Amino acid sequence: MTLVELQRRMAAAIMTPLAISGGPLRLEAEALIKRNSRLTSLKRLQIYRESYWYRALDSLRDDFPGLRAVLGLKAFDRLAETYLAEMPSESYTMRNLGSRLELWLKNRPEFGGENHALALDMVRLEWAHIEAFDAATEKPLGPEDLIELHEGMVFGLQPCISLLELQYPVDDLRIKVQAAGEDEHGAASNAVIRRKERGIVRTYSKVTPAETFLAVHRIGFIVYYRRLAPHEYRILVALREGRAIGEVVASMESSDNLELWFASWARMGWLCKARQVKGS
């Protein structure tokens, strides 16, 4: 057995769901790990399995507090355990654990139940939050770069900005959940936190649908959610797609707010040079 084969078998054994024990797993443990005077091969493997699974589940709980509030604790934990079993980590960092959660949940609506659409919107927002926190940024264009806008100009958007078209105002919900969690910071007992979380679920699992356009962005080391007007959202999407200003304006019903929006985007550092100009 090569080192690579050994590593792959060991990783597969560690990532085996905790509900599975004995039988083939015991035989695999004995093939990979020596027993000692105190622990069998399977029990030694179990130490690593529990470390992996408890750390992975804690990471998802930390990254998706809004989803926990929508689904409830038990439903969230069922979702998390099934997701990790079906979509095991392929990355060296826990940061990427939830990268495939939106697509997985789309195909597994039973885990969202009656709040499936709300849960999907929350996952999209919370993954955008993760990406905005540590995504790259490029040198922003300032107001002086926008003095003379002309039809052929093409801009880029900062890589750390996500543009979301949502069915529910999950930004407000996420902020409330975060604030509730901060109120319990430093609580001595997990029971206190759990009681608080159950209250969050009862209060926030029923949210009235409302079309919401959102930019998730970062200023310094803080992530912000900014509501967008529908036309503003569509212009930003068009700019991200590499469309020239003239083409964007021609598709708008009104360009009354265009200069105001561009000035606002420049102040926030959203605009940067396009990575690739059309026709180049």
# chains A, B, ... in the order shown; residues from 1 in each chain; ligands from 1
>>> residues_around(residues="region 131-145 of chain A", least_positions_apart="6", cutoff="12 Å", atoms="only C-alpha atoms", output="number ranges by chain")
A: 63, 95-96, 98-99, 124-125, 153, 155-163, 215-225, 259-275
>>> residues_around(residues="Arg100 (chain A)", least_positions_apart="6", cutoff="12 Å", atoms="only C-alpha atoms", output="ChimeraX atom specification")
/A:60,80,83-84,86-91,106-107,120,123-124,127
>>> write_last_selection(atoms="N, CA and C atoms", output="compact mmCIF listing (two decimals), in the first residue's frame")
# COMPACT_ATOMS: atom_id res chain seq x y z
N LEU A 60 -20.20 24.09 10.94
CA LEU A 60 -21.44 24.41 10.23
C LEU A 60 -22.40 25.20 11.12
N ALA A 80 -27.26 18.84 8.84
CA ALA A 80 -25.81 18.94 8.84
C ALA A 80 -25.15 17.56 8.78
N TYR A 83 -25.78 16.08 5.27
CA TYR A 83 -24.99 16.83 4.28
C TYR A 83 -23.52 16.41 4.33
N LEU A 84 -22.95 16.34 5.52
CA LEU A 84 -21.54 15.98 5.64
C LEU A 84 -21.29 14.54 5.23
N GLU A 86 -23.02 12.94 2.89
CA GLU A 86 -23.18 12.84 1.43
C GLU A 86 -22.21 13.74 0.68
N MET A 87 -21.76 14.81 1.33
CA MET A 87 -20.84 15.75 0.69
C MET A 87 -19.64 15.98 1.60
N PRO A 88 -18.82 14.97 1.81
CA PRO A 88 -17.70 15.12 2.74
C PRO A 88 -16.72 16.19 2.27
N SER A 89 -16.00 16.72 3.22
CA SER A 89 -15.06 17.79 2.92
C SER A 89 -14.05 17.39 1.85
N GLU A 90 -13.82 18.32 0.92
CA GLU A 90 -12.80 18.12 -0.11
C GLU A 90 -11.73 19.19 -0.03
N SER A 91 -11.72 19.92 1.08
CA SER A 91 -10.82 21.06 1.22
C SER A 91 -9.96 20.89 2.46
N LYS A 106 -31.13 22.33 -2.40
CA LYS A 106 -32.08 22.43 -3.51
C LYS A 106 -32.58 21.05 -3.91
N ASN A 107 -31.69 20.08 -3.89
CA ASN A 107 -32.04 18.72 -4.30
C ASN A 107 -32.58 17.86 -3.16
N LEU A 120 -33.33 28.14 1.83
CA LEU A 120 -32.42 28.32 0.70
C LEU A 120 -31.92 29.76 0.63
N VAL A 123 -29.31 30.22 3.33
CA VAL A 123 -28.03 29.58 2.98
C VAL A 123 -27.27 30.46 1.98
N ARG A 124 -27.97 31.00 0.99
CA ARG A 124 -27.32 31.87 0.01
C ARG A 124 -26.70 33.08 0.69
N TRP A 127 -23.66 31.95 3.00
CA TRP A 127 -22.44 31.60 2.24
C TRP A 127 -21.83 32.86 1.62
>>> select_by_dssp(residues="region 20-160 of chain A", states="strand (DSSP E or B)", output="NGL selection string")
:A and (140 or 155-157)
>>> write_last_selection(atoms="C-alpha atoms", output="mmCIF file, in the first residue's frame")
data_model
loop_
_atom_site.group_PDB
_atom_site.id
_atom_site.type_symbol
_atom_site.label_atom_id
_atom_site.label_comp_id
_atom_site.auth_asym_id
_atom_site.auth_seq_id
_atom_site.Cartn_x
_atom_site.Cartn_y
_atom_site.Cartn_z
ATOM 1 C CA PRO A 140 -10.918 50.460 -6.193
ATOM 2 C CA PHE A 155 -16.186 48.353 -14.995
ATOM 3 C CA GLY A 156 -15.554 45.439 -12.722
ATOM 4 C CA LEU A 157 -16.994 44.767 -9.275
#
>>> residues_around(residues="Met15 (chain A)", least_positions_apart="5", cutoff="10 Å", atoms="only C-alpha atoms", output="count of residues only")
11
>>> residues_around(residues="Glu211 (chain A)", least_positions_apart="3", cutoff="9 Å", atoms="only C-alpha atoms", output="ChimeraX atom specification")
/A:165-169
>>> write_last_selection(atoms="C-alpha atoms", output="PDB file, in the first residue's frame")
ATOM      1  CA  GLU A 165     -32.052  38.235  -5.558  1.00  0.00           C
ATOM      2  CA  LEU A 166     -34.079  36.722  -2.730  1.00  0.00           C
ATOM      3  CA  GLN A 167     -37.673  35.769  -1.997  1.00  0.00           C
ATOM      4  CA  TYR A 168     -37.410  36.680   1.698  1.00  0.00           C
ATOM      5  CA  PRO A 169     -35.814  39.534   3.700  1.00  0.00           C
TER       6      PRO A 169
END
>>> residues_around(residues="Ala75 (chain A)", least_positions_apart="6", cutoff="10 Å", atoms="only C-alpha atoms", output="list of chain:residue names")
A:Leu67, A:Arg68, A:Phe111, A:Gly112, A:Gly113
>>> closest_residue(among="A:Arg174, A:Lys206, A:Arg78, A:Arg108", to="Leu57 (chain A)", atoms="only C-alpha atoms")
A:Arg78
>>> residues_around(residues="Ile175 (chain A)", least_positions_apart="2", cutoff="12 Å", atoms="only C-alpha atoms", output="list in words")
Pro65, Gly66, Ala69, Met122, Leu125, Glu126, His129, Pro169, Val170, Asp171, Asp172, Leu173, Val177, Gln178, Ala179, Ala180, Gly181, Glu182, Ile200, Tyr204, Val223, Tyr224 and Tyr225 of chain A
>>> write_last_selection(atoms="C-alpha atoms", output="PDB file, in the first residue's frame")
ATOM      1  CA  PRO A  65     -26.737  30.477  12.604  1.00  0.00           C
ATOM      2  CA  GLY A  66     -29.561  31.890  10.490  1.00  0.00           C
ATOM      3  CA  ALA A  69     -32.935  29.632  13.484  1.00  0.00           C
ATOM      4  CA  MET A 122     -30.697  32.018   4.212  1.00  0.00           C
ATOM      5  CA  LEU A 125     -26.938  34.864   2.322  1.00  0.00           C
ATOM      6  CA  GLU A 126     -24.760  33.071   4.860  1.00  0.00           C
ATOM      7  CA  HIS A 129     -21.245  36.365   4.095  1.00  0.00           C
ATOM      8  CA  PRO A 169     -35.814  39.534   3.700  1.00  0.00           C
ATOM      9  CA  VAL A 170     -33.323  37.164   5.303  1.00  0.00           C
ATOM     10  CA  ASP A 171     -30.840  39.976   5.895  1.00  0.00           C
ATOM     11  CA  ASP A 172     -33.046  41.367   8.661  1.00  0.00           C
ATOM     12  CA  LEU A 173     -33.523  37.878  10.089  1.00  0.00           C
ATOM     13  CA  VAL A 177     -30.234  36.114  15.041  1.00  0.00           C
ATOM     14  CA  GLN A 178     -26.690  37.473  15.297  1.00  0.00           C
ATOM     15  CA  ALA A 179     -27.762  40.089  17.833  1.00  0.00           C
ATOM     16  CA  ALA A 180     -29.546  37.444  19.924  1.00  0.00           C
ATOM     17  CA  GLY A 181     -26.416  35.305  19.900  1.00  0.00           C
ATOM     18  CA  GLU A 182     -24.279  38.244  21.003  1.00  0.00           C
ATOM     19  CA  ILE A 200     -35.363  32.513  17.992  1.00  0.00           C
ATOM     20  CA  TYR A 204     -38.277  33.861  13.103  1.00  0.00           C
ATOM     21  CA  VAL A 223     -19.277  42.359   6.359  1.00  0.00           C
ATOM     22  CA  TYR A 224     -22.343  44.451   5.539  1.00  0.00           C
ATOM     23  CA  TYR A 225     -25.685  43.798   3.861  1.00  0.00           C
TER      24      TYR A 225
END
>>> closest_residue(among="A:Glu232, A:Ser59, A:Asn115, A:Glu148", to="Pro209 (chain A)", atoms="only C-alpha atoms")
A:Asn115
